[in-house]
file structure14.txt (compact mmCIF, C-alpha atoms)
# COMPACT_ATOMS: atom_id res chain seq x y z
CA MET A 1 -1.88 7.63 -22.00
CA SER A 2 0.79 10.19 -22.80
CA SER A 3 4.42 9.27 -23.34
CA LYS A 4 5.68 12.32 -21.44
CA LYS A 5 8.46 11.40 -19.04
CA ILE A 6 8.48 12.02 -15.29
CA GLY A 7 11.52 12.71 -13.12
CA PHE A 8 12.94 11.67 -9.74
CA TRP A 9 10.78 13.89 -7.57
CA SER A 10 7.55 12.96 -9.34
CA VAL A 11 8.22 9.26 -8.76
CA TRP A 12 9.49 9.92 -5.23
CA ALA A 13 6.23 11.75 -4.52
CA LEU A 14 4.26 8.90 -6.09
CA GLY A 15 6.05 6.38 -3.85
CA VAL A 16 5.73 8.42 -0.65
CA GLY A 17 2.13 9.28 -1.54
CA GLY A 18 1.36 5.60 -2.05
CA ILE A 19 2.84 4.70 1.33
CA VAL A 20 2.11 7.55 3.76
CA GLY A 21 -1.60 7.42 3.05
CA GLY A 22 -1.55 4.17 5.02
CA LEU A 23 -0.35 5.95 8.17
CA PHE A 24 -3.71 7.53 8.95
CA PRO A 25 -5.80 4.33 9.09
CA ALA A 26 -2.92 2.20 10.45
CA LEU A 27 -1.86 4.32 13.44
CA GLY A 28 -4.95 3.66 15.54
CA VAL A 29 -4.98 -0.03 14.57
CA VAL A 30 -1.35 -0.65 15.56
CA ILE A 31 -1.69 1.21 18.87
CA GLN A 32 -4.76 -0.87 19.69
CA ILE A 33 -2.76 -4.08 19.11
CA ALA A 34 0.78 -3.16 20.22
CA ASP A 35 0.06 -0.43 22.79
CA ALA A 36 3.23 1.62 23.47
CA GLY A 37 5.15 -0.80 21.27
CA ALA A 38 3.63 0.80 18.17
CA PRO A 39 6.86 2.65 17.14
CA LEU A 40 8.76 -0.65 17.25
CA ALA A 41 5.98 -2.33 15.27
CA PHE A 42 6.31 0.31 12.55
CA ALA A 43 10.09 -0.22 12.51
CA ILE A 44 9.72 -4.00 12.17
CA ALA A 45 7.23 -3.73 9.32
CA GLY A 46 9.48 -1.17 7.63
CA THR A 47 12.50 -3.47 7.89
CA ILE A 48 10.63 -6.21 6.03
CA ALA A 49 9.69 -3.69 3.34
CA LEU A 50 13.29 -2.48 3.12
CA ILE A 51 14.64 -6.00 2.53
CA THR A 52 12.06 -6.58 -0.20
CA THR A 53 12.95 -3.22 -1.72
CA TYR A 54 16.34 -4.69 -2.69
CA ALA A 55 14.63 -7.25 -4.93
CA TYR A 56 12.34 -4.62 -6.45
CA ALA A 57 15.22 -2.25 -7.19
CA LYS A 58 17.25 -4.98 -8.94
CA LEU A 59 14.30 -6.35 -10.89
CA SER A 60 13.07 -2.89 -11.90
CA VAL A 61 16.45 -1.99 -13.37
CA ALA A 62 16.63 -5.33 -15.22
CA HIS A 63 13.01 -5.04 -16.46
CA PRO A 64 12.08 -1.33 -16.70
CA CYS A 65 8.47 -1.66 -17.85
CA ARG A 66 4.94 -0.73 -16.82
CA GLY A 67 4.17 -4.29 -15.67
CA GLY A 68 6.21 -4.08 -12.47
CA THR A 69 5.45 -7.05 -10.23
CA VAL A 70 3.47 -8.82 -12.96
CA THR A 71 6.45 -8.77 -15.32
CA PHE A 72 8.88 -9.87 -12.60
CA LEU A 73 6.81 -12.92 -11.72
CA ASN A 74 6.19 -13.86 -15.36
CA GLN A 75 9.89 -13.58 -16.18
CA ALA A 76 10.99 -15.67 -13.20
CA PHE A 77 8.32 -18.39 -13.20
CA GLY A 78 6.92 -18.33 -16.75
CA LEU A 79 3.29 -18.00 -17.80
CA GLY A 80 1.51 -20.64 -15.76
CA LEU A 81 -0.83 -21.27 -12.87
CA PHE A 82 1.64 -20.09 -10.22
CA SER A 83 2.47 -16.68 -11.73
CA GLY A 84 -1.09 -16.17 -13.00
CA THR A 85 -2.57 -16.78 -9.55
CA LEU A 86 -0.08 -14.41 -7.92
CA ASN A 87 -0.84 -11.70 -10.48
CA LEU A 88 -4.56 -11.93 -9.77
CA LEU A 89 -3.89 -11.98 -6.02
CA LEU A 90 -1.84 -8.80 -6.47
CA TRP A 91 -4.79 -7.14 -8.18
CA PHE A 92 -7.13 -8.27 -5.38
CA SER A 93 -4.66 -6.84 -2.86
CA TYR A 94 -4.63 -3.52 -4.74
CA VAL A 95 -8.40 -3.35 -4.35
CA VAL A 96 -8.10 -4.13 -0.62
CA MET A 97 -5.41 -1.46 -0.20
CA LEU A 98 -7.52 1.13 -2.01
CA SER A 99 -10.43 0.32 0.30
CA PHE A 100 -8.11 0.73 3.30
CA TYR A 101 -7.15 4.25 2.19
CA LEU A 102 -10.66 5.28 1.25
CA GLN A 103 -12.15 4.21 4.57
CA ALA A 104 -9.62 6.44 6.31
CA PHE A 105 -10.56 9.26 3.93
CA GLY A 106 -14.19 8.87 4.95
CA SER A 107 -13.42 8.56 8.69
CA TYR A 108 -11.37 11.77 8.79
CA GLY A 109 -13.70 13.62 6.44
CA VAL A 110 -16.84 13.13 8.52
CA SER A 111 -15.24 14.95 11.45
CA LEU A 112 -15.92 18.16 9.52
CA PHE A 113 -19.70 17.55 9.61
CA THR A 114 -22.36 17.31 12.31
CA GLU A 115 -22.55 13.95 14.10
CA SER A 116 -26.10 13.16 12.96
CA THR A 117 -25.11 13.31 9.29
CA GLN A 118 -21.73 11.57 9.58
CA PRO A 119 -22.81 8.06 8.46
CA ILE A 120 -24.25 9.47 5.22
CA TRP A 121 -21.26 11.72 4.62
CA LYS A 122 -18.78 8.87 5.15
CA HIS A 123 -20.24 6.79 2.32
CA LEU A 124 -20.60 9.86 0.12
CA LEU A 125 -16.99 10.95 0.69
CA ILE A 126 -15.66 7.45 -0.03
CA SER A 127 -17.63 7.30 -3.26
CA LEU A 128 -16.60 10.78 -4.40
CA ALA A 129 -12.94 10.01 -3.64
CA ILE A 130 -12.81 6.89 -5.79
CA LEU A 131 -14.65 8.60 -8.64
CA GLY A 132 -12.37 11.65 -8.46
CA THR A 133 -9.11 9.68 -8.49
CA THR A 134 -10.41 7.54 -11.34
CA GLY A 135 -10.96 10.69 -13.38
CA LEU A 136 -7.49 11.99 -12.52
CA ASN A 137 -5.91 8.73 -13.68
CA LEU A 138 -7.44 9.16 -17.11
CA LEU A 139 -5.04 12.09 -17.54
CA THR A 140 -1.38 11.75 -18.54
CA ALA A 141 1.34 10.37 -16.31
CA ASN A 142 2.92 13.83 -16.31
CA TYR A 143 -0.20 15.39 -14.73
CA ILE A 144 -0.37 12.59 -12.16
CA GLY A 145 3.27 13.13 -11.18
CA LYS A 146 2.82 16.89 -10.79
CA SER A 147 -0.33 16.48 -8.69
CA GLN A 148 1.50 14.06 -6.39
CA ILE A 149 4.36 16.51 -5.78
CA TRP A 150 2.00 19.25 -4.57
CA ILE A 151 -0.19 16.96 -2.46
CA VAL A 152 2.74 15.12 -0.86
CA SER A 153 4.60 18.38 -0.12
CA PHE A 154 1.58 19.80 1.71
CA LYS A 155 0.83 16.74 3.83
CA LEU A 156 4.49 16.12 4.71
CA GLY A 157 4.78 19.74 5.81
CA ILE A 158 1.88 19.27 8.25
CA LEU A 159 3.21 15.93 9.54
CA ILE A 160 6.70 17.34 10.11
CA LEU A 161 5.18 20.36 11.88
CA PHE A 162 3.22 17.91 14.08
CA ILE A 163 6.45 16.10 14.99
CA ILE A 164 8.34 19.32 15.79
CA MET A 165 5.57 20.84 17.91
CA GLY A 166 4.61 17.52 19.49
CA SER A 167 8.14 16.77 20.70
CA SER A 168 7.66 19.30 23.53
CA HIS A 169 4.40 17.61 24.62
CA ILE A 170 5.86 14.11 25.07
CA ASP A 171 5.41 12.55 28.50
CA ILE A 172 8.32 10.10 28.76
CA SER A 173 6.48 7.99 31.33
CA ARG A 174 4.01 6.93 28.62
CA LEU A 175 6.90 5.50 26.59
CA GLN A 176 8.57 3.52 29.40
CA PRO A 177 9.38 -0.16 28.64
CA ALA A 178 7.07 -1.24 31.48
CA SER A 179 4.09 0.00 29.51
CA VAL A 180 5.13 -1.72 26.32
CA SER A 181 3.03 -4.73 25.43
CA SER A 182 4.52 -8.16 24.84
CA LEU A 183 6.76 -8.84 21.85
CA GLN A 184 4.01 -11.09 20.51
CA SER A 185 1.62 -8.14 20.32
CA ILE A 186 4.28 -5.89 18.78
CA PHE A 187 5.03 -8.38 16.01
CA ALA A 188 1.31 -8.96 15.47
CA GLY A 189 0.76 -5.21 15.17
CA ALA A 190 3.64 -4.95 12.69
CA MET A 191 2.15 -7.63 10.48
CA VAL A 192 -1.40 -6.29 10.58
CA ILE A 193 -0.30 -2.81 9.50
CA PHE A 194 2.33 -4.02 7.01
CA LEU A 195 -0.11 -2.80 4.36
CA SER A 196 0.80 0.76 5.36
CA TYR A 197 4.23 0.29 3.73
CA GLU A 198 3.08 -1.37 0.53
CA GLY A 199 3.09 1.70 -1.69
CA PHE A 200 6.77 1.33 -2.64
CA GLU A 201 5.78 -1.50 -4.98
CA LEU A 202 4.01 1.07 -7.15
CA ILE A 203 7.34 2.64 -8.08
CA ALA A 204 8.09 -0.33 -10.36
CA ASN A 205 5.08 0.53 -12.52
CA THR A 206 6.53 3.93 -13.43
CA ALA A 207 9.68 2.60 -15.17
CA GLU A 208 8.43 3.20 -18.72
CA ASP A 209 7.47 6.78 -17.86
CA LEU A 210 10.68 7.54 -15.93
CA VAL A 211 13.71 9.51 -17.09
CA ASN A 212 16.87 7.31 -16.89
CA PRO A 213 15.25 4.45 -14.89
CA LYS A 214 18.48 2.45 -14.35
CA TYR A 215 19.99 5.32 -12.39
CA THR A 216 16.87 6.79 -10.83
CA LEU A 217 14.88 3.74 -9.71
CA PRO A 218 17.24 2.43 -6.99
CA ARG A 219 17.65 5.94 -5.56
CA VAL A 220 13.89 6.38 -5.40
CA TYR A 221 13.26 2.99 -3.75
CA TYR A 222 15.76 3.29 -0.92
CA SER A 223 15.17 6.98 -0.18
CA VAL A 224 11.40 6.51 -0.06
CA ILE A 225 11.47 3.55 2.34
CA GLY A 226 14.14 5.06 4.60
CA PHE A 227 12.25 8.34 4.85
CA VAL A 228 8.89 6.69 5.57
CA ILE A 229 10.26 4.40 8.32
CA LEU A 230 11.69 7.42 10.13
CA LEU A 231 8.47 9.42 9.65
CA TYR A 232 6.23 6.61 10.94
CA VAL A 233 8.35 5.93 14.04
CA LEU A 234 8.56 9.61 14.99
CA ILE A 235 4.83 10.18 14.55
CA ALA A 236 4.02 7.09 16.63
CA LEU A 237 6.35 8.30 19.40
CA VAL A 238 4.80 11.78 19.47
CA THR A 239 1.27 10.37 19.41
CA LEU A 240 1.88 7.97 22.29
CA GLY A 241 3.83 10.52 24.32
CA ALA A 242 1.31 13.32 23.93
CA GLU A 243 -1.94 11.53 24.83
CA PRO A 244 -3.00 8.69 27.16
CA ILE A 245 -3.65 5.38 25.40
CA GLU A 246 -7.33 5.47 26.38
CA GLN A 247 -7.95 8.78 24.59
CA ILE A 248 -6.06 7.63 21.52
CA LEU A 249 -8.12 4.45 21.22
CA ALA A 250 -11.36 6.36 21.74
CA ALA A 251 -10.55 8.18 18.46
CA LYS A 252 -8.94 5.21 16.71
CA ASP A 253 -10.35 5.99 13.26
CA TYR A 254 -9.05 9.60 13.29
CA THR A 255 -6.15 9.40 15.77
CA LEU A 256 -3.89 12.10 14.39
CA ALA A 257 -6.65 14.69 14.13
CA GLU A 258 -7.55 14.08 17.78
CA VAL A 259 -3.96 14.13 19.08
CA ALA A 260 -3.24 17.30 17.09
CA LYS A 261 -5.74 19.29 19.22
CA PRO A 262 -3.61 19.59 22.41
CA ILE A 263 -0.44 20.01 20.34
CA MET A 264 -1.50 22.38 17.55
CA GLY A 265 -4.89 23.63 18.72
CA GLN A 266 -8.24 23.35 16.94
CA PHE A 267 -6.83 24.92 13.79
CA GLY A 268 -4.02 22.36 13.84
CA SER A 269 -6.55 19.55 14.18
CA VAL A 270 -8.38 20.84 11.10
CA LEU A 271 -5.07 21.06 9.25
CA MET A 272 -4.29 17.45 10.20
CA THR A 273 -7.71 16.40 8.97
CA ILE A 274 -7.02 18.10 5.64
CA ALA A 275 -3.61 16.40 5.51
CA ALA A 276 -5.29 13.03 6.14
CA LEU A 277 -7.78 13.67 3.36
CA LEU A 278 -5.06 14.67 0.90
CA SER A 279 -2.79 11.84 2.02
CA THR A 280 -5.31 9.06 1.63
CA LEU A 281 -6.52 10.63 -1.61
CA SER A 282 -3.00 10.78 -3.08
CA ALA A 283 -2.37 7.20 -1.93
CA SER A 284 -5.52 6.13 -3.76
CA ASN A 285 -4.37 8.08 -6.80
CA ALA A 286 -0.96 6.39 -6.75
CA THR A 287 -2.47 2.93 -6.28
CA LEU A 288 -4.96 3.38 -9.09
CA TYR A 289 -2.16 4.61 -11.32
CA GLY A 290 -0.16 1.45 -10.61
CA SER A 291 -3.11 -0.89 -11.14
CA ALA A 292 -3.93 0.77 -14.46
CA ARG A 293 -0.35 0.41 -15.67
CA PHE A 294 -0.07 -3.32 -15.06
CA SER A 295 -3.64 -4.28 -16.06
CA SER A 296 -2.71 -4.18 -19.73
CA VAL A 297 0.31 -6.40 -19.02
CA ILE A 298 -1.95 -9.03 -17.44
CA ALA A 299 -4.29 -8.79 -20.45
CA LYS A 300 -1.41 -9.25 -22.89
CA SER A 301 -0.10 -12.25 -20.96
CA LYS A 302 -3.53 -13.84 -21.48
CA GLY A 303 -3.35 -13.37 -25.24
CA PHE A 304 -5.00 -9.95 -25.67
CA ASP A 305 -2.23 -8.48 -27.78
CA GLY A 306 -4.03 -5.40 -29.07
CA SER A 307 -3.63 -2.08 -27.36
CA GLU A 308 -7.41 -1.63 -27.37
CA ILE A 309 -10.40 -3.81 -26.57
CA ASN A 310 -13.67 -2.71 -28.18
CA GLY A 311 -12.22 0.75 -28.76
CA ARG A 312 -10.97 1.27 -25.20
CA ASP A 313 -7.44 1.23 -23.87
CA GLN A 314 -6.76 -1.89 -21.76
CA SER A 315 -5.39 0.12 -18.86
CA SER A 316 -8.56 2.24 -18.81
CA ILE A 317 -10.73 -0.87 -18.66
CA GLY A 318 -8.64 -2.19 -15.75
CA LEU A 319 -8.96 1.19 -14.05
CA PHE A 320 -12.77 1.16 -14.28
CA ILE A 321 -13.06 -2.44 -13.03
CA THR A 322 -10.72 -1.77 -10.10
CA SER A 323 -12.62 1.38 -9.15
CA GLY A 324 -16.01 -0.33 -9.30
CA ILE A 325 -15.05 -3.21 -7.01
CA THR A 326 -13.25 -0.87 -4.62
CA LEU A 327 -16.37 1.26 -4.38
CA ILE A 328 -18.25 -1.72 -2.92
CA ILE A 329 -15.57 -3.02 -0.54
CA ALA A 330 -14.63 0.40 0.85
CA ASN A 331 -18.25 1.17 1.69
CA PHE A 332 -19.20 -2.11 3.36
CA PHE A 333 -16.11 -3.85 4.89
CA ASP A 334 -14.51 -3.34 8.33
CA ILE A 335 -11.18 -1.46 8.29
CA SER A 336 -9.33 -3.89 10.63
CA ARG A 337 -10.26 -6.86 8.47
CA ILE A 338 -9.30 -4.93 5.37
CA SER A 339 -5.86 -4.24 6.87
CA THR A 340 -5.27 -7.89 7.76
CA MET A 341 -6.40 -9.15 4.35
CA GLY A 342 -4.27 -6.64 2.48
CA SER A 343 -1.17 -7.25 4.60
CA ALA A 344 -1.46 -11.01 4.13
CA GLY A 345 -1.88 -10.67 0.39
CA PHE A 346 1.15 -8.43 -0.02
CA LEU A 347 3.37 -10.51 2.26
CA LEU A 348 2.66 -13.49 0.00
CA ILE A 349 3.34 -11.44 -3.13
CA PHE A 350 6.57 -10.01 -1.72
CA ALA A 351 7.79 -13.47 -0.77
CA ALA A 352 7.29 -14.47 -4.42
CA VAL A 353 9.08 -11.33 -5.70
CA ASN A 354 12.06 -12.04 -3.44
CA LEU A 355 12.09 -15.60 -4.76
CA ALA A 356 11.92 -14.28 -8.32
CA ASN A 357 15.01 -12.14 -7.78
CA ALA A 358 16.81 -15.02 -6.07
CA ARG A 359 16.15 -17.22 -9.12
CA MET A 360 17.38 -14.53 -11.52
CA HIS A 361 20.19 -13.16 -9.35
CA ARG A 362 22.84 -13.59 -12.05
CA TYR A 363 20.74 -11.71 -14.59
CA THR A 364 19.81 -8.93 -12.14
CA LYS A 365 23.36 -8.86 -10.68
CA SER A 366 22.06 -9.38 -7.16
CA LYS A 367 23.28 -11.02 -3.97
CA GLN A 368 21.08 -14.12 -3.85
CA TRP A 369 21.22 -14.52 -0.08
CA ILE A 370 19.54 -11.14 0.50
CA SER A 371 16.49 -12.11 -1.53
CA LEU A 372 16.36 -15.60 0.02
CA LEU A 373 16.39 -13.91 3.41
CA GLY A 374 13.50 -11.77 2.16
CA VAL A 375 11.55 -14.90 1.19
CA GLY A 376 11.99 -16.39 4.65
CA ILE A 377 11.11 -13.20 6.52
CA CYS A 378 7.98 -12.54 4.42
CA LEU A 379 6.72 -16.12 4.89
CA LEU A 380 7.48 -16.02 8.62
CA ALA A 381 5.61 -12.72 8.91
CA LEU A 382 2.68 -14.17 6.96
CA GLY A 383 2.56 -17.18 9.29
CA MET A 384 2.54 -14.90 12.34
CA LEU A 385 -0.23 -12.78 10.84
CA ILE A 386 -2.41 -15.82 10.08
CA TRP A 387 -1.81 -17.19 13.59
CA PHE A 388 -2.81 -13.83 15.12
CA ALA A 389 -5.91 -13.65 12.95
CA LEU A 390 -6.94 -17.16 13.95
CA GLN A 391 -6.72 -16.12 17.60
CA THR A 392 -8.63 -12.86 17.23
CA ASP A 393 -10.79 -12.95 14.09
CA PRO A 394 -10.86 -16.32 12.27
CA GLN A 395 -13.24 -15.00 9.60
CA THR A 396 -10.41 -12.83 8.26
CA VAL A 397 -8.37 -15.94 7.45
CA TRP A 398 -11.28 -17.37 5.48
CA VAL A 399 -11.44 -14.17 3.47
CA LEU A 400 -7.76 -14.63 2.56
CA VAL A 401 -8.40 -18.27 1.65
CA PHE A 402 -11.30 -17.09 -0.50
CA MET A 403 -9.10 -14.53 -2.28
CA VAL A 404 -6.44 -17.13 -3.10
CA GLY A 405 -9.09 -19.69 -4.08
CA VAL A 406 -10.81 -17.28 -6.46
CA ALA A 407 -7.47 -16.37 -8.05
CA ILE A 408 -6.64 -20.04 -8.64
CA GLY A 409 -10.17 -20.72 -9.89
CA ILE A 410 -10.06 -17.90 -12.44
CA GLU A 411 -6.72 -19.14 -13.77
CA VAL A 412 -7.94 -22.73 -14.09
CA ILE A 413 -11.14 -21.62 -15.85
CA TYR A 414 -9.09 -19.46 -18.24
CA TYR A 415 -6.86 -22.36 -19.25
CA LEU A 416 -9.73 -24.83 -19.60
CA SER A 417 -11.97 -22.44 -21.55
CA ASN A 418 -9.16 -21.67 -24.00
CA ASN A 419 -8.12 -25.33 -24.38
CA ARG A 420 -4.64 -24.54 -23.14
CA GLN A 421 -2.37 -26.89 -21.25
CA LEU A 422 -2.47 -26.17 -17.54
CA ARG A 423 1.11 -25.65 -16.32
CA LEU A 424 2.30 -24.82 -12.84

call {"tool": "encode", "arguments": {"input": "structure14.txt", "output": "structure tokens"}}
result
Amino acid sequence: MSSKKIGFWSVWALGVGGIVGGLFPALGVVIQIADAGAPLAFAIAGTIALITTYAYAKLSVAHPCRGGTVTFLNQAFGLGLFSGTLNLLLWFSYVVMLSFYLQAFGSYGVSLFTESTQPIWKHLLISLAILGTTGLNLLTANYIGKSQIWIVSFKLGILILFIIMGSSHIDISRLQPASVSSLQSIFAGAMVIFLSYEGFELIANTAEDLVNPKYTLPRVYYSVIGFVILLYVLIALVTLGAEPIEQILAAKDYTLAEVAKPIMGQFGSVLMTIAALLSTLSASNATLYGSARFSSVIAKSKGFDGSEINGRDQSSIGLFITSGITLIIANFFDISRISTMGSAGFLLIFAAVNLANARMHRYTKSKQWISLLGVGICLLALGMLIWFALQTDPQTVWVLVFMVGVAIGIEVIYYLSNNRQLRL
């Protein structure tokens, strides 16, 4: 890939693009679980992300490299079973997150076609989206950054217009505390859709391509998360205030396009559909970019020191493998289960990243207590998510267990097959 540098706004767009794409599939899911408490659920999930952002900002400045999370874990815990398993789990979670975005892309896209052909078009759109973003990620980082700026600017313009116009359509009675579901449901909703905030982690993977990373990275992290929390809460408030819950849930897979009709008219609904398509597409683009950047770091940590394997760049090989597996999961898995699996995986990863910064707080010049607080909050949130899943869909928990088990199994097989000492 090219060594051309990218600036603040390119990385800001990459971060926002990687996050906001999760709004479109997550909004209907969180309203279904938390009812009128959805804005609070978004705020809770965003607070957890904000606390973890502190660790990422400090670690990214101390280790400005393409490896991001992989490098942080390896530096803090060494090359062993623990860090290796977490790195593989992170890659699995990337695949789950990509599938989450692509299903939303397909759900919004089919609304442009006749109902009888929608099932075919959904699978076709998902497949074309993953193939298209894979091709884009074969270009230079500079092209990726520029494409993100244009896509993010367009979709944010539509979302902000939706908030401004929708504010006059809000029925306050639909937002009264009496209609808010229990705190248990609100926290459960926050944990299930935590995946919709994950994209900020991708910022760490841009450090090698970024102009003046020590100055720029912290500014990008905090501005991205703060902006997205505000955006999510406002959109949830407008959505709930403009339409009855029953109508929102009837269009759960394409909520914003449906709610945009009474607010912005049919043309506005089409615009929102286009924004959803661009948003989920740019989120997929940002996620694939991040996975490609750290795949070579994982390969090097396993002893593949060359920049190429059989004539191909390591990051390109990782890109193709990620895209292929995503193509299968996005076409055949349920979106609610995908959200729960992805959120659980990232909560576990973020707990480990907070712990990594706490261990290296002197080196990263951090306040240790903030990252230790992050560890506790992420683990508590993970426990609540697992408990909720056990009550509503136990099979989802087994999928998470399977993901962790496969990650551990691959690491053990790697060490045994290479006659290396197995270390925790």

call {"tool": "residues_near_point", "arguments": {"input": "structure14.txt", "point": "(-1.6, -6.4, 14.6)", "cutoff": "10 Å", "atoms": "all atoms listed in the file", "output": "tab-separated table (two decimals) with C-alpha atoms, in the coordinates of the input"}}
result
chain	number	residue	atom	x	y	z
A	26	ALA	CA	-2.92	2.20	10.45
A	29	VAL	CA	-4.98	-0.03	14.57
A	30	VAL	CA	-1.35	-0.65	15.56
A	31	ILE	CA	-1.69	1.21	18.87
A	32	GLN	CA	-4.76	-0.87	19.69
A	33	ILE	CA	-2.76	-4.08	19.11
A	34	ALA	CA	0.78	-3.16	20.22
A	38	ALA	CA	3.63	0.80	18.17
A	41	ALA	CA	5.98	-2.33	15.27
A	184	GLN	CA	4.01	-11.09	20.51
A	185	SER	CA	1.62	-8.14	20.32
A	186	ILE	CA	4.28	-5.89	18.78
A	187	PHE	CA	5.03	-8.38	16.01
A	188	ALA	CA	1.31	-8.96	15.47
A	189	GLY	CA	0.76	-5.21	15.17
A	190	ALA	CA	3.64	-4.95	12.69
A	191	MET	CA	2.15	-7.63	10.48
A	192	VAL	CA	-1.40	-6.29	10.58
A	193	ILE	CA	-0.30	-2.81	9.50
A	194	PHE	CA	2.33	-4.02	7.01
A	336	SER	CA	-9.33	-3.89	10.63
A	339	SER	CA	-5.86	-4.24	6.87
A	340	THR	CA	-5.27	-7.89	7.76
A	384	MET	CA	2.54	-14.90	12.34
A	385	LEU	CA	-0.23	-12.78	10.84
A	388	PHE	CA	-2.81	-13.83	15.12
A	389	ALA	CA	-5.91	-13.65	12.95
A	392	THR	CA	-8.63	-12.86	17.23

call {"tool": "residues_around", "arguments": {"input": "structure14.txt", "residues": "Thr280 (chain A)", "least_positions_apart": "3", "cutoff": "12 Å", "atoms": "all atoms listed in the file", "output": "PyMOL selection string"}}
result
chain A and resi 16-26+97-109+125-126+129-130+133+148+151-152+155+196+199+273-277+283-287

call {"tool": "closest_residue", "arguments": {"input": "structure14.txt", "among": "A:Thr47, A:Asn354, A:Ser223, A:Ser10", "to": "Gln368 (chain A)", "atoms": "all atoms listed in the file"}}
result
A:Asn354

call {"tool": "residues_near_point", "arguments": {"input": "structure14.txt", "point": "(13.8, 10.0, -1.5)", "cutoff": "12 Å", "atoms": "only C-alpha atoms", "output": "PyMOL selection string"}}
result
chain A and resi 8-17+200+203+216-229

call {"tool": "residues_around", "arguments": {"input": "structure14.txt", "residues": "Thr322 (chain A)", "least_positions_apart": "2", "cutoff": "9 Å", "atoms": "all atoms listed in the file", "output": "JSON, numbers by chain"}}
result
{"A": [91, 92, 94, 95, 288, 291, 292, 317, 318, 319, 320, 324, 325, 326, 327]}

call {"tool": "residues_around", "arguments": {"input": "structure14.txt", "residues": "region 49-56 of chain A", "least_positions_apart": "4", "cutoff": "10 Å", "atoms": "all atoms listed in the file", "output": "number ranges by chain"}}
result
A: 43-45, 60-62, 68-69, 72, 194-195, 197-201, 203-204, 217-218, 221-222, 224-226, 229, 347, 350-351, 353-358, 361, 364, 366-368, 370-375, 377-378

call {"tool": "write_last_selection", "arguments": {"input": "structure14.txt", "atoms": "C-alpha atoms", "output": "compact mmCIF listing (two decimals), in the frame of the given file"}}
result
# COMPACT_ATOMS: atom_id res chain seq x y z
CA ALA A 43 10.09 -0.22 12.51
CA ILE A 44 9.72 -4.00 12.17
CA ALA A 45 7.23 -3.73 9.32
CA SER A 60 13.07 -2.89 -11.90
CA VAL A 61 16.45 -1.99 -13.37
CA ALA A 62 16.63 -5.33 -15.22
CA GLY A 68 6.21 -4.08 -12.47
CA THR A 69 5.45 -7.05 -10.23
CA PHE A 72 8.88 -9.87 -12.60
CA PHE A 194 2.33 -4.02 7.01
CA LEU A 195 -0.11 -2.80 4.36
CA TYR A 197 4.23 0.29 3.73
CA GLU A 198 3.08 -1.37 0.53
CA GLY A 199 3.09 1.70 -1.69
CA PHE A 200 6.77 1.33 -2.64
CA GLU A 201 5.78 -1.50 -4.98
CA ILE A 203 7.34 2.64 -8.08
CA ALA A 204 8.09 -0.33 -10.36
CA LEU A 217 14.88 3.74 -9.71
CA PRO A 218 17.24 2.43 -6.99
CA TYR A 221 13.26 2.99 -3.75
CA TYR A 222 15.76 3.29 -0.92
CA VAL A 224 11.40 6.51 -0.06
CA ILE A 225 11.47 3.55 2.34
CA GLY A 226 14.14 5.06 4.60
CA ILE A 229 10.26 4.40 8.32
CA LEU A 347 3.37 -10.51 2.26
CA PHE A 350 6.57 -10.01 -1.72
CA ALA A 351 7.79 -13.47 -0.77
CA VAL A 353 9.08 -11.33 -5.70
CA ASN A 354 12.06 -12.04 -3.44
CA LEU A 355 12.09 -15.60 -4.76
CA ALA A 356 11.92 -14.28 -8.32
CA ASN A 357 15.01 -12.14 -7.78
CA ALA A 358 16.81 -15.02 -6.07
CA HIS A 361 20.19 -13.16 -9.35
CA THR A 364 19.81 -8.93 -12.14
CA SER A 366 22.06 -9.38 -7.16
CA LYS A 367 23.28 -11.02 -3.97
CA GLN A 368 21.08 -14.12 -3.85
CA ILE A 370 19.54 -11.14 0.50
CA SER A 371 16.49 -12.11 -1.53
CA LEU A 372 16.36 -15.60 0.02
CA LEU A 373 16.39 -13.91 3.41
CA GLY A 374 13.50 -11.77 2.16
CA VAL A 375 11.55 -14.90 1.19
CA ILE A 377 11.11 -13.20 6.52
CA CYS A 378 7.98 -12.54 4.42

call {"tool": "atom_distance", "arguments": {"input": "structure14.txt", "atom1": "CA of Leu202 (chain A)", "atom2": "CA of Tyr254 (chain A)"}}
result
25.7 Å

call {"tool": "residues_around", "arguments": {"input": "structure14.txt", "residues": "Val404 (chain A)", "least_positions_apart": "5", "cutoff": "10 Å", "atoms": "only C-alpha atoms", "output": "short mmCIF file (atom, residue, chain, number, x, y, z; two decimals) with C-alpha atoms, in the coordinates of the input"}}
result
data_model
loop_
_atom_site.label_atom_id
_atom_site.label_comp_id
_atom_site.auth_asym_id
_atom_site.auth_seq_id
_atom_site.Cartn_x
_atom_site.Cartn_y
_atom_site.Cartn_z
CA THR A 85 -2.57 -16.78 -9.55
CA LEU A 86 -0.08 -14.41 -7.92
CA LEU A 88 -4.56 -11.93 -9.77
CA LEU A 89 -3.89 -11.98 -6.02
CA PHE A 92 -7.13 -8.27 -5.38
CA GLY A 345 -1.88 -10.67 0.39
CA TRP A 398 -11.28 -17.37 5.48
CA VAL A 399 -11.44 -14.17 3.47
CA GLY A 409 -10.17 -20.72 -9.89
#

call {"tool": "atom_distance", "arguments": {"input": "structure14.txt", "atom1": "CA of Asp171 (chain A)", "atom2": "CA of Lys261 (chain A)"}}
result
16.0 Å

call {"tool": "atom_distance", "arguments": {"input": "structure14.txt", "atom1": "CA of Leu278 (chain A)", "atom2": "CA of Gly265 (chain A)"}}
result
19.9 Å
